[in-house]
file protein_3.tsv (TSV, C-alpha atoms)
chain	number	residue	atom	x	y	z
V	1	MET	CA	93.58	129.38	71.91
V	2	ALA	CA	91.55	126.94	69.81
V	3	ALA	CA	90.07	123.84	71.38
V	4	ILE	CA	91.75	120.56	70.59
V	5	THR	CA	89.61	118.56	68.17
V	6	SER	CA	88.68	114.88	68.22
V	7	ASP	CA	90.83	114.30	65.14
V	8	GLN	CA	93.82	115.85	66.90
V	9	ILE	CA	93.20	113.69	69.99
V	10	HIS	CA	93.03	110.52	67.88
V	11	ALA	CA	96.20	111.41	65.99
V	12	ALA	CA	97.95	112.34	69.25
V	13	PHE	CA	97.13	108.95	70.76
V	14	ALA	CA	98.48	107.10	67.71
V	15	LEU	CA	101.72	109.08	67.69
V	16	ALA	CA	102.11	108.97	71.47
V	17	SER	CA	101.96	105.19	71.20
V	18	GLU	CA	104.69	105.25	68.55
V	19	VAL	CA	106.83	107.57	70.69
V	20	TYR	CA	106.37	105.31	73.72
V	21	ASP	CA	107.34	102.26	71.66
V	22	GLY	CA	110.47	104.02	70.36
V	23	LYS	CA	109.32	104.04	66.75
V	24	VAL	CA	109.59	107.81	66.41
V	25	THR	CA	111.19	110.59	68.45
V	26	PRO	CA	109.01	113.05	70.35
V	27	GLY	CA	110.29	115.94	68.25
V	28	VAL	CA	109.47	114.26	64.95
V	29	ALA	CA	106.06	113.11	66.23
V	30	ALA	CA	105.19	116.60	67.52
V	31	ALA	CA	106.17	118.14	64.18
V	32	ARG	CA	103.98	115.59	62.37
V	33	LEU	CA	101.01	116.34	64.61
V	34	ASN	CA	101.52	120.03	63.99
V	35	SER	CA	101.83	119.74	60.20
V	36	GLU	CA	99.09	117.10	59.74
V	37	THR	CA	96.48	118.32	62.24
V	38	GLY	CA	97.51	121.83	63.26
V	39	LEU	CA	98.02	120.78	66.90
V	40	ASN	CA	100.44	123.11	68.59
V	41	LEU	CA	103.85	121.65	69.43
V	42	GLY	CA	103.51	122.14	73.20
V	43	SER	CA	100.16	120.36	73.30
V	44	ALA	CA	101.57	117.53	71.21
V	45	ARG	CA	104.44	117.04	73.64
V	46	ASP	CA	101.99	117.20	76.57
V	47	PHE	CA	100.04	114.29	75.06
V	48	PHE	CA	103.24	112.23	74.87
V	49	VAL	CA	104.00	112.88	78.57
V	50	GLN	CA	100.40	112.09	79.54
V	51	PHE	CA	100.49	108.82	77.57
V	52	ARG	CA	103.72	107.74	79.29
V	53	SER	CA	102.35	108.77	82.70
V	54	MET	CA	99.15	106.83	82.11
V	55	LEU	CA	101.04	103.66	81.28
V	56	SER	CA	103.15	103.99	84.43
V	57	GLY	CA	100.33	105.15	86.71
V	58	ALA	CA	102.21	108.37	87.50
V	59	VAL	CA	100.80	111.82	88.11
V	60	PHE	CA	101.02	114.32	85.26
V	61	LYS	CA	100.60	118.03	85.70
V	62	ARG	CA	99.37	119.44	82.38
V	63	SER	CA	95.62	119.49	81.86
V	64	LEU	CA	93.81	116.90	79.76
V	65	SER	CA	90.25	117.28	78.54
V	66	ALA	CA	87.57	114.79	79.53
V	67	GLU	CA	87.17	113.91	75.84
V	68	ALA	CA	90.89	113.17	75.45
V	69	ALA	CA	90.98	111.19	78.70
V	70	GLY	CA	88.02	109.08	77.60
V	71	TYR	CA	89.59	108.38	74.23
V	72	PHE	CA	92.98	107.54	75.74
V	73	LEU	CA	91.38	105.22	78.32
V	74	SER	CA	89.32	103.27	75.80
V	75	SER	CA	92.19	103.15	73.32
V	76	LEU	CA	94.67	101.95	75.93
V	77	LEU	CA	92.26	99.20	76.92
V	78	ALA	CA	91.80	98.18	73.27
V	79	THR	CA	95.47	98.32	72.27
V	80	ARG	CA	97.41	97.50	75.45
V	81	GLY	CA	94.96	95.64	77.66
V	82	GLN	CA	93.33	95.94	81.05
V	83	SER	CA	96.55	96.41	83.01
V	84	ALA	CA	97.43	99.49	80.95
V	85	ALA	CA	93.89	100.83	81.33
V	86	GLU	CA	94.03	100.35	85.11
V	87	SER	CA	97.37	102.19	85.26
V	88	ALA	CA	95.81	105.03	83.26
V	89	VAL	CA	92.92	105.23	85.73
V	90	VAL	CA	95.43	105.55	88.58
V	91	ALA	CA	97.34	108.30	86.72
V	92	LEU	CA	94.14	110.22	86.01
V	93	TRP	CA	92.97	110.07	89.64
V	94	LYS	CA	96.41	111.32	90.69
V	95	HIS	CA	96.17	114.12	88.12
V	96	ILE	CA	92.73	115.11	89.41
V	97	ALA	CA	94.01	115.20	93.01
V	98	TYR	CA	97.05	117.26	91.94
V	99	TYR	CA	95.05	119.76	89.89
V	100	GLU	CA	92.30	120.23	92.44
V	101	SER	CA	94.83	120.69	95.25
V	102	LEU	CA	96.05	123.79	93.42
V	103	GLY	CA	92.72	125.52	94.08
V	104	HIS	CA	91.87	126.19	90.42
V	105	GLY	CA	88.53	124.41	90.60
V	106	ASN	CA	87.16	120.91	90.26
V	107	LEU	CA	87.56	118.62	87.28
V	108	ASN	CA	83.99	117.32	87.42
V	109	LYS	CA	83.79	116.19	83.78
V	110	LEU	CA	87.11	114.38	84.06
V	111	ARG	CA	86.03	112.78	87.35
V	112	THR	CA	82.87	111.50	85.66
V	113	VAL	CA	84.78	110.03	82.72
V	114	VAL	CA	87.37	108.29	84.90
V	115	ALA	CA	84.81	106.93	87.37
V	116	ALA	CA	82.55	105.59	84.61
V	117	PHE	CA	85.46	103.97	82.79
V	118	ALA	CA	86.85	102.41	85.98
V	119	GLU	CA	83.39	101.06	86.80
V	120	SER	CA	83.16	99.47	83.34
V	121	LEU	CA	86.37	97.47	83.78
V	122	PRO	CA	85.82	93.83	84.72
V	123	GLY	CA	86.79	92.78	88.22
V	124	LEU	CA	87.45	94.85	91.28
V	125	PRO	CA	89.58	97.98	90.98
V	126	SER	CA	93.20	97.55	91.96
V	127	SER	CA	94.21	98.77	95.40
V	128	GLU	CA	96.30	101.46	93.74
V	129	ALA	CA	93.29	102.68	91.70
V	130	SER	CA	91.12	102.70	94.83
V	131	ALA	CA	93.78	104.62	96.76
V	132	ALA	CA	94.18	107.20	93.96
V	133	ALA	CA	90.40	107.68	93.71
V	134	PHE	CA	90.21	108.06	97.49
V	135	GLU	CA	92.98	110.67	97.46
V	136	ALA	CA	91.13	112.65	94.77
V	137	ALA	CA	87.94	112.48	96.86
V	138	VAL	CA	89.81	113.70	99.96
V	139	VAL	CA	91.24	116.67	98.04
V	140	ALA	CA	87.76	117.59	96.76
V	141	SER	CA	86.30	117.26	100.24
V	142	GLN	CA	88.98	119.45	101.79
V	143	LYS	CA	88.12	122.22	99.34
V	144	ASP	CA	84.43	122.19	100.30
V	145	SER	CA	83.09	124.77	102.70
V	146	GLU	CA	82.30	123.80	106.27
V	147	ALA	CA	78.58	124.16	105.56
V	148	SER	CA	78.80	121.89	102.53
V	149	ARG	CA	80.70	119.24	104.51
V	150	ALA	CA	78.17	119.45	107.36
V	151	LYS	CA	75.28	119.01	104.90
V	152	ARG	CA	76.98	115.99	103.30
V	153	LEU	CA	77.67	114.42	106.70
V	154	ALA	CA	74.07	114.96	107.81
V	155	THR	CA	72.80	112.84	104.92
V	156	ALA	CA	75.58	110.23	104.99
V	157	ASN	CA	75.02	106.71	106.21
V	158	PRO	CA	76.46	106.57	109.76
V	159	VAL	CA	77.44	102.92	109.24
V	160	PRO	CA	80.41	102.63	106.85
V	161	THR	CA	80.15	100.21	103.96
V	162	VAL	CA	82.52	97.29	103.82
V	163	GLN	CA	84.55	96.76	100.67
V	164	MET	CA	86.10	93.44	99.92
call {"tool": "encode", "arguments": {"input": "protein_3.tsv", "output": "structure tokens"}}
result
Amino acid sequence: MAAITSDQIHAAFALASEVYDGKVTPGVAAARLNSETGLNLGSARDFFVQFRSMLSGAVFKRSLSAEAAGYFLSSLLATRGQSAAESAVVALWKHIAYYESLGHGNLNKLRTVVAAFAESLPGLPSSEASAAAFEAAVVASQKDSEASRAKRLATANPVPTVQM
């Protein structure tokens, strides 16, 4: 299976936006992505679901590369505003928690992209974004070995930080 290219990601975002806005059907958009960029039909449809999930802050279950997530986040902020970008952050944290709970490994690159993007947004994160990030952290922690958790706790600050 060939890796999805940057050009395919950019085209998928543009067409996912059109699908979401009702300007084109998912079938027609997927066929266009396939004929114009070579993106496989299943991957094209996955991008449409991920786009819709990001705008609603809902979990999605098909994988998304860190590159695609970064592009979708920055493009959603640029085209649909901060509220849409914050919803996408929530959806991505939920996706990370879902995927990692399956025991297939950690999504470290995706975690880095989402955390950096969320940090770059002006203002405090929404309570929903904070809760989704916390849930993803809990899932990752639960997967750690007892020795790893003990090591982390030994170096942790015993006084919790206060968040406003």
call {"tool": "closest_residue", "arguments": {"input": "protein_3.tsv", "among": "V:Phe60, V:Phe13, V:Tyr71, V:Tyr20", "to": "V:Ala44", "atoms": "all atoms listed in the file"}}
result
V:Phe13
call {"tool": "closest_residue", "arguments": {"input": "protein_3.tsv", "among": "V:Ile9, V:Leu73, V:Ala88, V:Leu64", "to": "V:Arg52", "atoms": "all atoms listed in the file"}}
result
V:Ala88
call {"tool": "atom_distance", "arguments": {"input": "protein_3.tsv", "atom1": "atom CA of V:Val113", "atom2": "atom CA of V:Leu33"}}
result
25.1 Å
call {"tool": "atom_distance", "arguments": {"input": "protein_3.tsv", "atom1": "atom CA of V:Glu67", "atom2": "atom CA of V:Arg80"}}
result
19.3 Å
call {"tool": "residues_near_point", "arguments": {"input": "protein_3.tsv", "point": "(97.2, 114.3, 95.1)", "cutoff": "7 Å", "atoms": "all atoms listed in the file", "output": "ChimeraX atom specification"}}
result
/V:94,97-98,101,135-136
